[in-house]
$ cat model_34.txt   # compact mmCIF, C-alpha atoms
# COMPACT_ATOMS: atom_id res chain seq x y z
CA MET A 531 38.70 -25.36 -4.10
CA LYS A 532 41.26 -25.17 -1.37
CA LYS A 533 41.91 -28.27 0.61
CA THR A 534 42.07 -27.77 4.31
CA LYS A 535 44.96 -29.75 5.66
CA LYS A 536 44.88 -31.61 8.90
CA PRO A 537 47.18 -30.17 11.52
CA THR A 538 50.72 -31.14 10.52
CA ALA A 539 52.22 -33.63 12.90
CA ILE A 540 55.19 -34.59 10.71
CA PRO A 541 57.54 -31.67 10.07
CA VAL A 542 57.95 -30.80 6.39
CA LEU A 543 61.23 -31.79 4.84
CA PRO A 544 62.46 -28.82 2.79
CA ASN A 545 62.81 -29.67 -0.88
CA ALA A 546 66.59 -29.32 -1.19
CA ARG A 547 69.18 -31.56 -2.80
CA VAL A 548 72.25 -32.64 -0.86
CA GLY A 549 74.51 -31.06 -3.50
CA SER A 550 72.85 -27.68 -2.97
CA ILE A 551 73.08 -27.95 0.82
CA VAL A 552 76.80 -28.72 0.71
CA GLY A 553 77.26 -25.99 -1.88
CA LEU A 554 75.56 -23.51 0.45
CA LEU A 555 77.91 -24.47 3.29
CA GLU A 556 80.94 -24.04 1.05
CA THR A 557 79.69 -20.65 -0.10
CA LEU A 558 79.13 -19.54 3.51
CA ASN A 559 82.57 -20.82 4.47
CA GLU A 560 84.11 -18.72 1.71
CA GLN A 561 82.04 -15.78 2.86
CA GLY A 562 83.53 -16.08 6.34
CA THR A 563 80.94 -13.99 8.18
CA LYS A 564 77.18 -13.91 8.54
CA ILE A 565 75.28 -12.63 5.55
CA ASP A 566 71.77 -11.44 4.84
CA ILE A 567 69.87 -14.28 3.12
CA TYR A 568 68.37 -11.85 0.66
CA LYS A 569 71.82 -10.54 -0.33
CA LEU A 570 73.11 -14.10 -0.60
CA SER A 571 70.32 -15.02 -3.01
CA GLU A 572 71.16 -11.99 -5.15
CA SER A 573 74.86 -12.77 -5.28
CA LEU A 574 74.14 -16.40 -6.22
CA GLY A 575 71.56 -15.50 -8.84
CA PHE A 576 68.91 -17.45 -6.92
CA LYS A 577 65.32 -16.40 -6.39
CA LEU A 578 64.72 -16.06 -2.68
CA ASN A 579 61.99 -18.71 -2.93
CA ASP A 580 64.46 -21.19 -4.44
CA LEU A 581 67.13 -20.50 -1.86
CA MET A 582 64.82 -20.75 1.17
CA PRO A 583 64.32 -24.55 1.11
CA ILE A 584 68.11 -24.97 0.98
CA THR A 585 68.74 -22.68 3.94
CA GLU A 586 65.88 -24.33 5.83
CA ALA A 587 67.32 -27.78 5.18
CA ALA A 588 70.75 -26.66 6.36
CA GLU A 589 69.17 -25.22 9.50
CA LEU A 590 67.15 -28.36 10.18
CA LEU A 591 70.33 -30.42 9.99
CA GLY A 592 72.12 -28.03 12.35
CA PHE A 593 74.68 -26.84 9.78
CA VAL A 594 73.79 -23.13 9.87
CA LYS A 595 72.41 -20.57 12.27
CA ILE A 596 69.66 -18.30 11.00
CA GLU A 597 68.78 -15.20 12.97
CA SER A 598 66.71 -12.19 11.90
CA GLY A 599 67.31 -12.77 8.22
CA ASP A 600 71.04 -13.44 8.54
CA ILE A 601 72.62 -16.81 7.90
CA GLU A 602 75.92 -18.05 9.30
CA LEU A 603 77.86 -21.32 9.23
CA ALA A 604 77.51 -23.30 12.48
CA ASP A 605 80.38 -25.39 13.88
CA LEU A 606 78.84 -28.58 12.55
CA GLY A 607 78.49 -26.98 9.11
CA ARG A 608 82.18 -26.15 9.18
CA LYS A 609 82.92 -29.80 9.97
CA VAL A 610 80.95 -30.78 6.87
CA VAL A 611 82.99 -28.39 4.71
CA ASP A 612 86.33 -29.47 6.17
CA GLY A 613 85.57 -33.20 6.24
CA ASP A 614 86.20 -35.65 3.44
CA GLU A 615 83.30 -37.37 1.70
CA ASN A 616 82.98 -40.05 4.38
CA ASP A 617 82.99 -37.48 7.21
CA LYS A 618 80.30 -35.51 5.37
CA LYS A 619 78.15 -38.61 5.00
CA ALA A 620 78.60 -39.60 8.65
CA ILE A 621 77.50 -36.13 9.83
CA PHE A 622 74.48 -36.20 7.50
CA ARG A 623 73.57 -39.66 8.80
CA GLN A 624 73.85 -38.61 12.43
CA GLN A 625 71.87 -35.40 11.88
CA MET A 626 69.15 -37.07 9.86
CA LEU A 627 68.56 -39.63 12.59
CA ALA A 628 68.61 -36.88 15.21
CA SER A 629 66.43 -34.28 13.47
CA VAL A 630 64.43 -35.81 10.64
CA LEU A 631 61.38 -37.72 11.85
CA LEU A 632 60.70 -39.31 8.46
CA ALA A 633 64.25 -40.69 8.26
CA ARG A 634 63.93 -42.25 11.71
CA ARG A 635 60.56 -43.70 10.82
CA ILE A 636 61.71 -45.36 7.59
CA ARG A 637 64.87 -46.65 9.22
CA SER A 638 62.94 -48.28 12.06
CA GLU A 639 60.33 -49.72 9.67
CA LEU A 640 63.17 -51.30 7.72
CA GLN A 641 64.77 -52.73 10.80
CA SER A 642 61.50 -54.29 11.92
CA THR A 643 61.01 -56.37 8.75
CA SER A 644 62.56 -59.77 8.09
CA ASP A 645 63.90 -58.91 4.63
CA PHE A 646 64.84 -55.25 5.31
CA ARG A 647 62.43 -54.01 2.64
CA VAL A 648 59.45 -51.70 3.05
CA GLY A 649 56.95 -50.82 0.35
CA ARG A 650 56.52 -47.22 -0.71
CA GLU A 651 52.79 -47.38 0.18
CA VAL A 652 53.59 -47.99 3.85
CA ILE A 653 55.51 -44.73 4.00
CA LEU A 654 52.96 -42.83 1.92
CA GLU A 655 50.27 -43.94 4.32
CA PHE A 656 52.30 -42.65 7.23
CA LEU A 657 52.84 -39.33 5.44
CA GLY A 658 49.15 -39.18 4.48
CA SER A 659 48.23 -38.30 8.02
CA SER A 660 49.96 -34.93 7.59
CA PHE A 661 50.33 -34.21 3.88
CA THR A 662 48.36 -34.16 0.64
CA PRO A 663 49.21 -37.02 -1.76
CA ASP A 664 51.32 -34.68 -3.93
CA GLU A 665 53.25 -33.35 -0.98
CA SER A 666 53.76 -36.89 0.33
CA GLU A 667 55.38 -37.85 -2.98
CA ARG A 668 57.67 -34.83 -2.74
CA GLN A 669 58.64 -35.79 0.80
CA VAL A 670 59.57 -39.28 -0.36
CA LEU A 671 61.67 -37.87 -3.19
CA ALA A 672 63.51 -35.54 -0.80
CA ILE A 673 64.17 -38.17 1.85
CA VAL A 674 65.48 -40.69 -0.71
CA ASP A 675 68.04 -38.18 -1.97
CA TRP A 676 69.31 -37.43 1.54
CA ALA A 677 69.22 -41.07 2.65
CA ARG A 678 71.19 -42.28 -0.34
CA TYR A 679 73.84 -39.66 0.29
CA ALA A 680 74.02 -40.51 3.99
CA GLU A 681 73.84 -44.21 3.13
CA LEU A 682 71.05 -44.58 5.64
CA PHE A 683 68.79 -46.56 3.31
CA ASP A 684 68.11 -46.89 -0.40
CA TYR A 685 65.06 -47.00 -2.63
CA ASN A 686 64.41 -49.21 -5.64
CA PRO A 687 62.09 -47.45 -8.12
CA GLU A 688 61.50 -50.72 -9.98
CA THR A 689 59.96 -52.50 -7.02
CA ASP A 690 58.79 -49.33 -5.23
CA GLN A 691 60.57 -50.47 -2.08
CA PHE A 692 62.83 -48.87 0.46
CA PHE A 693 65.65 -51.18 1.55
CA LEU A 694 68.81 -51.38 3.61
CA PRO A 695 71.50 -51.91 1.00
CA GLU A 696 74.03 -53.74 3.16
CA LYS A 697 71.37 -56.20 4.38
CA ALA A 698 69.34 -56.71 1.22
CA GLU A 699 72.42 -57.64 -0.80
CA THR A 700 73.13 -60.70 1.29
CA ALA A 701 69.49 -61.50 2.06
CA MET B 1048 119.01 -44.67 1.77
CA THR B 1049 121.67 -42.34 0.37
CA SER B 1050 122.04 -44.36 -2.82
CA GLN B 1051 118.27 -44.25 -3.33
CA VAL B 1052 118.28 -40.49 -3.18
CA GLN B 1053 121.09 -40.40 -5.72
CA ASP B 1054 119.14 -42.79 -7.95
CA THR B 1055 116.07 -40.63 -8.06
CA SER B 1056 118.04 -37.46 -8.67
CA SER B 1057 119.89 -39.04 -11.58
CA THR B 1058 116.58 -40.22 -13.07
CA ALA B 1059 115.26 -36.72 -12.65
CA ALA B 1060 118.36 -35.39 -14.37
CA LEU B 1061 117.83 -37.82 -17.25
CA ALA B 1062 114.20 -36.77 -17.57
CA ALA B 1063 115.25 -33.15 -17.58
CA GLU B 1064 117.64 -33.85 -20.45
CA HIS B 1065 114.89 -35.39 -22.55
CA PRO B 1066 111.78 -33.53 -21.57
CA ALA B 1067 108.72 -35.03 -23.19
CA PRO B 1068 105.75 -33.02 -21.97
CA LEU B 1069 102.47 -34.80 -21.36
CA LEU B 1070 100.87 -32.97 -24.25
CA GLU B 1071 102.32 -30.90 -27.03
CA LEU B 1072 100.44 -29.24 -29.85
CA LYS B 1073 102.66 -28.18 -32.74
CA GLU B 1074 101.17 -25.59 -35.03
CA ILE B 1075 97.84 -27.37 -35.25
CA THR B 1076 95.07 -26.05 -37.49
CA LYS B 1077 91.57 -27.26 -38.22
CA SER B 1078 89.49 -26.43 -41.26
CA PHE B 1079 86.15 -27.85 -42.21
CA PRO B 1080 85.81 -29.62 -45.58
CA ASN B 1081 84.23 -26.46 -46.98
CA ARG B 1082 87.63 -24.84 -46.29
CA ILE B 1083 86.39 -22.63 -43.50
CA HIS B 1084 89.40 -22.22 -41.27
CA ILE B 1085 88.18 -22.46 -37.65
CA LEU B 1086 91.20 -23.17 -35.51
CA GLY B 1087 94.87 -22.33 -35.30
CA PRO B 1088 97.66 -22.33 -35.80
CA ILE B 1089 97.96 -23.26 -32.13
CA SER B 1090 101.08 -24.40 -30.32
CA LEU B 1091 100.83 -25.45 -26.70
CA ILE B 1092 102.70 -27.48 -24.12
CA VAL B 1093 100.92 -28.94 -21.10
CA GLN B 1094 103.04 -30.54 -18.39
CA GLU B 1095 101.91 -33.42 -16.24
CA GLY B 1096 100.03 -32.25 -13.12
CA GLU B 1097 98.86 -28.93 -14.54
CA PHE B 1098 95.33 -27.59 -14.25
CA VAL B 1099 94.82 -25.54 -17.40
CA VAL B 1100 91.69 -23.48 -17.94
CA VAL B 1101 90.69 -22.26 -21.40
CA ILE B 1102 88.45 -19.21 -21.70
CA GLY B 1103 87.29 -17.19 -24.67
CA PRO B 1104 84.21 -16.07 -26.58
CA SER B 1105 81.84 -18.63 -28.07
CA GLY B 1106 82.96 -19.64 -31.50
CA ALA B 1107 86.64 -19.40 -30.51
CA GLY B 1108 87.01 -23.13 -31.06
CA LYS B 1109 87.45 -24.07 -27.39
CA SER B 1110 85.47 -27.28 -27.80
CA THR B 1111 87.22 -28.11 -31.07
CA LEU B 1112 90.54 -27.68 -29.28
CA LEU B 1113 89.51 -30.25 -26.65
CA ARG B 1114 88.28 -32.61 -29.34
CA THR B 1115 91.60 -32.47 -31.18
CA ILE B 1116 93.52 -33.02 -27.93
CA THR B 1117 91.50 -36.15 -27.13
CA GLY B 1118 91.71 -37.31 -30.74
CA LEU B 1119 87.98 -37.15 -31.43
CA THR B 1120 88.70 -34.71 -34.26
CA GLU B 1121 91.62 -34.96 -36.69
CA VAL B 1122 93.77 -31.89 -37.17
CA THR B 1123 94.06 -30.46 -40.68
CA SER B 1124 97.72 -29.69 -40.23
CA GLY B 1125 100.25 -29.80 -37.41
CA GLU B 1126 100.83 -32.46 -34.81
CA VAL B 1127 99.33 -33.58 -31.49
CA LEU B 1128 102.07 -35.23 -29.43
CA TYR B 1129 101.35 -37.19 -26.27
CA ARG B 1130 104.44 -37.93 -24.17
CA GLY B 1131 106.41 -37.16 -27.28
CA SER B 1132 104.56 -39.58 -29.57
CA ARG B 1133 102.12 -38.74 -32.29
CA ILE B 1134 98.61 -40.01 -31.55
CA TRP B 1135 96.37 -41.39 -34.28
CA GLY B 1136 92.68 -41.57 -33.48
CA VAL B 1137 91.20 -41.35 -30.01
CA ASN B 1138 93.83 -41.14 -27.28
CA PRO B 1139 92.98 -43.82 -24.66
CA LYS B 1140 94.93 -41.91 -22.01
CA THR B 1141 92.43 -39.04 -22.20
CA ALA B 1142 88.75 -38.63 -21.43
CA LEU B 1143 86.28 -35.87 -22.21
CA VAL B 1144 83.41 -34.65 -20.02
CA PHE B 1145 80.70 -32.56 -21.67
CA GLN B 1146 78.32 -29.96 -20.29
CA SER B 1147 75.31 -32.21 -20.61
CA PHE B 1148 76.32 -35.77 -20.19
CA ALA B 1149 74.16 -38.32 -21.96
CA LEU B 1150 73.14 -40.97 -19.44
CA PHE B 1151 71.08 -43.96 -20.44
CA PRO B 1152 67.75 -43.57 -18.62
CA TRP B 1153 67.15 -47.32 -18.41
CA LEU B 1154 70.49 -47.98 -16.69
CA THR B 1155 71.34 -47.38 -13.03
CA VAL B 1156 74.20 -45.12 -11.93
CA MET B 1157 76.42 -48.19 -11.56
CA GLU B 1158 75.57 -49.49 -15.03
CA ASN B 1159 76.05 -46.09 -16.63
CA VAL B 1160 79.49 -45.71 -15.07
CA ALA B 1161 80.62 -49.28 -15.83
CA LEU B 1162 79.58 -48.85 -19.46
CA GLY B 1163 82.74 -46.95 -20.30
CA LEU B 1164 84.76 -50.06 -19.42
CA GLU B 1165 83.08 -52.54 -21.73
CA ALA B 1166 85.43 -51.74 -24.54
CA ARG B 1167 88.43 -52.33 -22.27
CA GLY B 1168 88.10 -56.09 -22.12
CA LEU B 1169 87.35 -56.34 -18.39
CA ASP B 1170 84.88 -58.90 -17.10
CA LYS B 1171 81.75 -57.77 -15.29
CA PRO B 1172 82.98 -58.15 -11.67
CA ALA B 1173 86.13 -56.20 -12.54
CA ARG B 1174 84.13 -53.51 -14.32
CA TYR B 1175 81.77 -53.12 -11.38
CA ALA B 1176 84.58 -53.07 -8.84
CA ARG B 1177 86.32 -50.33 -10.74
CA ALA B 1178 83.10 -48.39 -11.36
CA ARG B 1179 82.26 -48.59 -7.65
CA ARG B 1180 85.63 -47.06 -6.77
CA TYR B 1181 85.02 -44.01 -8.96
CA ILE B 1182 81.41 -43.68 -7.87
CA ASP B 1183 82.83 -43.35 -4.34
CA ILE B 1184 85.45 -40.84 -5.45
CA VAL B 1185 82.90 -38.48 -7.02
CA GLY B 1186 80.75 -38.75 -3.88
CA LEU B 1187 77.93 -40.84 -5.32
CA ASP B 1188 78.19 -43.92 -3.14
CA GLY B 1189 74.73 -44.77 -1.94
CA TYR B 1190 73.30 -43.87 -5.35
CA GLU B 1191 74.62 -46.92 -7.24
CA ARG B 1192 71.12 -48.25 -7.88
CA ALA B 1193 69.47 -44.92 -8.64
CA TYR B 1194 68.22 -44.16 -12.14
CA PRO B 1195 69.11 -40.91 -13.92
CA ARG B 1196 65.54 -39.57 -13.55
CA GLU B 1197 66.00 -39.63 -9.78
CA LEU B 1198 69.13 -37.49 -9.92
CA SER B 1199 69.58 -33.72 -9.87
CA GLY B 1200 71.63 -31.97 -12.56
CA GLY B 1201 74.69 -31.87 -10.33
CA MET B 1202 74.50 -35.57 -9.65
CA LYS B 1203 74.10 -36.42 -13.31
CA GLN B 1204 77.26 -34.44 -13.92
CA ARG B 1205 78.99 -36.49 -11.20
CA VAL B 1206 77.93 -39.67 -12.98
CA GLY B 1207 79.47 -38.23 -16.16
CA LEU B 1208 82.66 -37.46 -14.26
CA ALA B 1209 82.76 -40.96 -12.73
CA ARG B 1210 82.26 -42.46 -16.17
CA ALA B 1211 85.21 -40.46 -17.49
CA LEU B 1212 87.43 -41.32 -14.50
CA THR B 1213 86.77 -45.08 -14.61
CA VAL B 1214 88.76 -45.39 -17.81
CA GLU B 1215 91.63 -43.97 -15.71
CA PRO B 1216 92.75 -41.21 -18.05
CA GLU B 1217 95.97 -39.35 -17.31
CA LEU B 1218 94.54 -36.25 -18.91
CA LEU B 1219 90.95 -35.21 -18.24
CA CYS B 1220 89.36 -32.70 -20.63
CA MET B 1221 86.21 -30.93 -19.48
CA ASP B 1222 83.97 -28.85 -21.71
CA GLU B 1223 82.03 -26.34 -19.58
CA PRO B 1224 81.18 -29.02 -17.00
CA PHE B 1225 79.51 -26.66 -14.54
CA SER B 1226 77.70 -24.21 -16.78
CA GLY B 1227 74.35 -25.99 -16.73
CA LEU B 1228 74.26 -26.02 -12.93
CA ASP B 1229 73.04 -23.57 -10.31
CA ALA B 1230 75.64 -21.60 -8.34
CA LEU B 1231 75.52 -23.75 -5.19
CA THR B 1232 75.70 -27.08 -6.98
CA ALA B 1233 78.54 -25.80 -9.17
CA SER B 1234 80.45 -24.59 -6.13
CA ASN B 1235 80.12 -28.00 -4.49
CA LEU B 1236 81.27 -29.82 -7.63
CA ARG B 1237 84.24 -27.51 -8.21
CA GLU B 1238 85.52 -28.21 -4.71
CA GLN B 1239 85.23 -31.90 -5.35
CA LEU B 1240 87.01 -31.69 -8.68
CA LEU B 1241 89.91 -29.93 -6.96
CA ASP B 1242 90.00 -32.66 -4.29
CA ILE B 1243 90.12 -35.30 -7.01
CA TRP B 1244 92.83 -33.49 -8.94
CA LEU B 1245 94.98 -33.08 -5.81
CA SER B 1246 94.34 -36.64 -4.63
CA LYS B 1247 97.30 -38.96 -4.94
CA GLU B 1248 95.01 -41.99 -5.10
CA ILE B 1249 93.91 -41.55 -8.67
CA ILE B 1250 95.84 -41.54 -11.91
CA THR B 1251 94.17 -38.48 -13.38
CA ASN B 1252 96.34 -35.54 -12.39
CA THR B 1253 96.22 -33.25 -15.40
CA ILE B 1254 93.08 -31.33 -16.33
CA ILE B 1255 92.20 -29.04 -19.22
CA LEU B 1256 88.89 -27.31 -18.54
CA VAL B 1257 86.96 -25.02 -20.86
CA THR B 1258 84.73 -22.38 -19.28
CA HIS B 1259 83.22 -19.01 -20.11
CA SER B 1260 83.50 -17.88 -16.50
CA VAL B 1261 86.58 -15.84 -15.68
CA GLU B 1262 85.90 -16.35 -11.98
CA GLU B 1263 85.88 -20.11 -12.43
CA ALA B 1264 89.19 -19.86 -14.29
CA VAL B 1265 90.81 -18.01 -11.37
CA LEU B 1266 89.27 -20.41 -8.84
CA LEU B 1267 90.58 -23.52 -10.54
CA GLY B 1268 93.50 -22.95 -12.87
CA ASP B 1269 97.27 -23.01 -12.54
CA ARG B 1270 97.24 -21.35 -15.89
CA VAL B 1271 94.62 -19.67 -18.01
CA LEU B 1272 94.65 -19.74 -21.80
CA LEU B 1273 92.69 -17.00 -23.44
CA MET B 1274 91.34 -17.72 -26.91
CA ALA B 1275 90.12 -15.34 -29.61
CA ALA B 1276 87.75 -16.22 -32.42
CA ALA B 1277 87.85 -16.45 -36.22
CA PRO B 1278 90.05 -18.41 -36.42
CA GLY B 1279 90.46 -19.73 -32.88
CA THR B 1280 93.89 -18.96 -31.52
CA ILE B 1281 95.50 -18.62 -28.10
CA VAL B 1282 96.15 -14.93 -27.50
CA ALA B 1283 97.31 -15.10 -23.87
CA ASP B 1284 98.81 -17.72 -21.58
CA HIS B 1285 98.49 -16.43 -18.06
CA PRO B 1286 99.77 -18.15 -14.87
CA ILE B 1287 97.61 -18.14 -11.71
CA THR B 1288 99.89 -18.64 -8.74
CA LEU B 1289 97.43 -17.99 -5.90
CA ASP B 1290 97.59 -20.39 -2.96
CA ARG B 1291 94.87 -23.01 -2.61
CA PRO B 1292 92.19 -23.14 -1.36
CA ARG B 1293 91.38 -19.87 -3.09
CA LYS B 1294 89.02 -17.41 -1.50
CA ARG B 1295 86.82 -15.39 -3.79
CA LYS B 1296 86.74 -12.54 -1.30
CA SER B 1297 90.52 -12.12 -0.98
CA PRO B 1298 92.18 -9.03 -2.48
CA GLN B 1299 94.67 -11.23 -4.40
CA PHE B 1300 91.76 -13.04 -6.03
CA GLU B 1301 90.15 -9.75 -7.04
CA GLU B 1302 93.47 -8.59 -8.44
CA LYS B 1303 93.81 -11.69 -10.63
CA LEU B 1304 90.23 -11.28 -11.83
CA ASP B 1305 90.97 -7.69 -12.84
CA GLU B 1306 94.12 -8.77 -14.66
CA LEU B 1307 92.23 -11.35 -16.69
CA TYR B 1308 89.33 -9.03 -17.44
CA SER B 1309 91.77 -6.43 -18.70
CA LEU B 1310 93.28 -9.05 -21.06
CA ILE B 1311 89.84 -9.86 -22.42
CA VAL B 1312 88.82 -6.26 -23.06
$ encode --input "model_34.txt" --output "structure tokens"
Amino acid sequence: MKKTKKPTAIPVLPNARVGSIVGLLETLNEQGTKIDIYKLSESLGFKLNDLMPITEAAELLGFVKIESGDIELADLGRKVVDGDENDKKAIFRQQMLASVLLARRIRSELQSTSDFRVGREVILEFLGSSFTPDESERQVLAIVDWARYAELFDYNPETDQFFLPEKAETA
Amino acid sequence: MTSQVQDTSSTAALAAEHPAPLLELKEITKSFPNRIHILGPISLIVQEGEFVVVIGPSGAGKSTLLRTITGLTEVTSGEVLYRGSRIWGVNPKTALVFQSFALFPWLTVMENVALGLEARGLDKPARYARARRYIDIVGLDGYERAYPRELSGGMKQRVGLARALTVEPELLCMDEPFSGLDALTASNLREQLLDIWLSKEIITNTIILVTHSVEEAVLLGDRVLLMAAAPGTIVADHPITLDRPRKRKSPQFEEKLDELYSLIV
């Protein structure tokens, strides 16, 4: 039986690891010009379906331009490649807050609590309005990876809580 | 000012008179107790600051070579010299990173990295401070409290690298560190390894890396050693003098690739 989903209000976060996104940008930088996504997947030994979430994530964050099947490094993407680790993180942080609704939501939830901690269930409930339970779990997994890299917030799997590391340590 | 310059040049002259390379292998061989001869004789000199890549078919003894260099395996005959001195047992100035790094699933990233320091007699705050530094260097800050199950393959490999770097080895040996990773993750990690190697902030400035990818060898190495099997010996020692950063698409890169492929065939 197919579940009919409610109309999606929260945009889907592509399931792509930070390491793969940065790797894509470096590969495109080496490439130098725009390239057909299909050709890129062949040359990398990726299935197109596995590469798509990574290109989508890079596009969402404003690091690449995708047009009629071609992908090209955007100026911001070049800044990620050229920057050191701290520059990379700062750009990720800025872009996540600008373009990723879920990141903004979790960050503001955290800032509105007294102990800078928010239970996983609060976020799952929020996601539940747009996603199936399975997909909600995947969204949490993806956002935690990005957020840890960007040092936007952290997640403790032992207590099932999101937290702001710099605050929770002293709290 | 002038006298200082003279001082350094005279020290350099002294060093040049008595050159003790970082690593020297003298006619080393390795046989198993059942007398199967698997490695050598191999003679090799590695200077401080070099990035040496070892390629060759499986069974050529590439991993055994790394294990003898780090002192994890005893040679059957010959000598392993480190800065001119013979090393007995595991060399504390070296560290080895494997393809699949064993991380303890019940420990966080921080705890896994700090673990390598327990044998070094540092107290916990000192261990954690040092571990944190190398977690930053490999680009894992933010993930200190994450557990291995939450990490991708590339990030687990970074934890392995951080664990090796925290013991502050002068010589880092890496056994196919990128071969279990997808192309994008590997590309990202290679760039970072080069940044670390070129960085003046960390002690580790000499790397010996084993790979089966000729392209990876040309991307990374100052020098490529080609091994042949049965028994494992070095059959070619080939310099790679391309400027960095190296571009895969450049004609010079292609030329070097062709050169190495022709040596292999």
$ residues_around --input "model_34.txt" --residues "region 606-611 of chain A" --least-positions-apart "3" --cutoff "10 Å" --atoms "all atoms listed in the file" --output "mmCIF file with C-alpha atoms, in the coordinates of the input"
data_model
loop_
_atom_site.group_PDB
_atom_site.id
_atom_site.type_symbol
_atom_site.label_atom_id
_atom_site.label_comp_id
_atom_site.auth_asym_id
_atom_site.auth_seq_id
_atom_site.Cartn_x
_atom_site.Cartn_y
_atom_site.Cartn_z
ATOM 1 C CA ILE A 551 73.080 -27.950 0.820
ATOM 2 C CA VAL A 552 76.800 -28.720 0.710
ATOM 3 C CA GLY A 553 77.260 -25.990 -1.880
ATOM 4 C CA LEU A 554 75.560 -23.510 0.450
ATOM 5 C CA LEU A 555 77.910 -24.470 3.290
ATOM 6 C CA GLU A 556 80.940 -24.040 1.050
ATOM 7 C CA THR A 557 79.690 -20.650 -0.100
ATOM 8 C CA LEU A 558 79.130 -19.540 3.510
ATOM 9 C CA ASN A 559 82.570 -20.820 4.470
ATOM 10 C CA ALA A 588 70.750 -26.660 6.360
ATOM 11 C CA GLU A 589 69.170 -25.220 9.500
ATOM 12 C CA LEU A 591 70.330 -30.420 9.990
ATOM 13 C CA GLY A 592 72.120 -28.030 12.350
ATOM 14 C CA PHE A 593 74.680 -26.840 9.780
ATOM 15 C CA VAL A 594 73.790 -23.130 9.870
ATOM 16 C CA LYS A 595 72.410 -20.570 12.270
ATOM 17 C CA GLU A 602 75.920 -18.050 9.300
ATOM 18 C CA LEU A 603 77.860 -21.320 9.230
ATOM 19 C CA ASP A 614 86.200 -35.650 3.440
ATOM 20 C CA GLU A 615 83.300 -37.370 1.700
ATOM 21 C CA ASN A 616 82.980 -40.050 4.380
ATOM 22 C CA ASP A 617 82.990 -37.480 7.210
ATOM 23 C CA LYS A 618 80.300 -35.510 5.370
ATOM 24 C CA LYS A 619 78.150 -38.610 5.000
ATOM 25 C CA ALA A 620 78.600 -39.600 8.650
ATOM 26 C CA ILE A 621 77.500 -36.130 9.830
ATOM 27 C CA PHE A 622 74.480 -36.200 7.500
ATOM 28 C CA GLN A 625 71.870 -35.400 11.880
ATOM 29 C CA ASN B 1235 80.120 -28.000 -4.490
ATOM 30 C CA GLU B 1238 85.520 -28.210 -4.710
#
$ atom_distance --input "model_34.txt" --atom1 "CA of Lys1073 (chain B)" --atom2 "CA of Ser1124 (chain B)"
9.1 Å
$ closest_residue --input "model_34.txt" --among "A:Asp600, A:Glu696, A:Asp664, A:Glu586" --to "chain B" --atoms "only C-alpha atoms"
A:Glu696
$ interface_residues --input "model_34.txt" --of "chain B" --to "chain A" --cutoff "12 Å" --atoms "all atoms listed in the file" --output "ChimeraX atom specification"
/B:1153-1155,1182-1205,1228-1239,1242-1243,1246,1266,1292-1297
$ closest_residue --input "model_34.txt" --among "B:Leu1310, B:Ile1255, B:Leu1086, B:Ala1142" --to "Leu1273 (chain B)" --atoms "all atoms listed in the file"
B:Leu1310
$ residues_around --input "model_34.txt" --residues "Ala1178 (chain B)" --least-positions-apart "3" --cutoff "8 Å" --atoms "all atoms listed in the file" --output "ChimeraX atom specification"
/B:1157,1160-1161,1174-1175,1181-1182,1209-1210,1213
$ decode --input "model_34.txt" --residues "region 546-571 of chain A" --atoms "C-alpha atoms" --output "compact mmCIF listing (two decimals), in the first residue's frame"
# COMPACT_ATOMS: atom_id res chain seq x y z
CA ALA A 546 24.72 13.76 1.14
CA ARG A 547 27.70 13.78 3.48
CA VAL A 548 29.80 16.90 3.88
CA GLY A 549 32.90 14.99 2.75
CA SER A 550 31.21 14.08 -0.53
CA ILE A 551 30.01 17.64 -1.12
CA VAL A 552 33.49 19.09 -0.62
CA GLY A 553 34.92 16.28 -2.74
CA LEU A 554 32.50 17.19 -5.54
CA LEU A 555 33.60 20.83 -5.40
CA GLU A 556 37.26 19.83 -5.56
CA THR A 557 36.57 17.55 -8.51
CA LEU A 558 34.71 20.34 -10.34
CA ASN A 559 37.53 22.76 -9.56
CA GLU A 560 40.02 20.36 -11.11
CA GLN A 561 37.71 19.96 -14.07
CA GLY A 562 37.79 23.71 -14.65
CA THR A 563 34.73 23.94 -16.90
CA LYS A 564 31.10 22.86 -16.78
CA ILE A 565 30.48 19.18 -17.22
CA ASP A 566 27.50 16.97 -17.96
CA ILE A 567 26.34 15.37 -14.68
CA TYR A 568 25.91 12.05 -16.40
CA LYS A 569 29.50 12.12 -17.71
CA LEU A 570 30.75 13.17 -14.29
CA SER A 571 29.05 10.19 -12.65
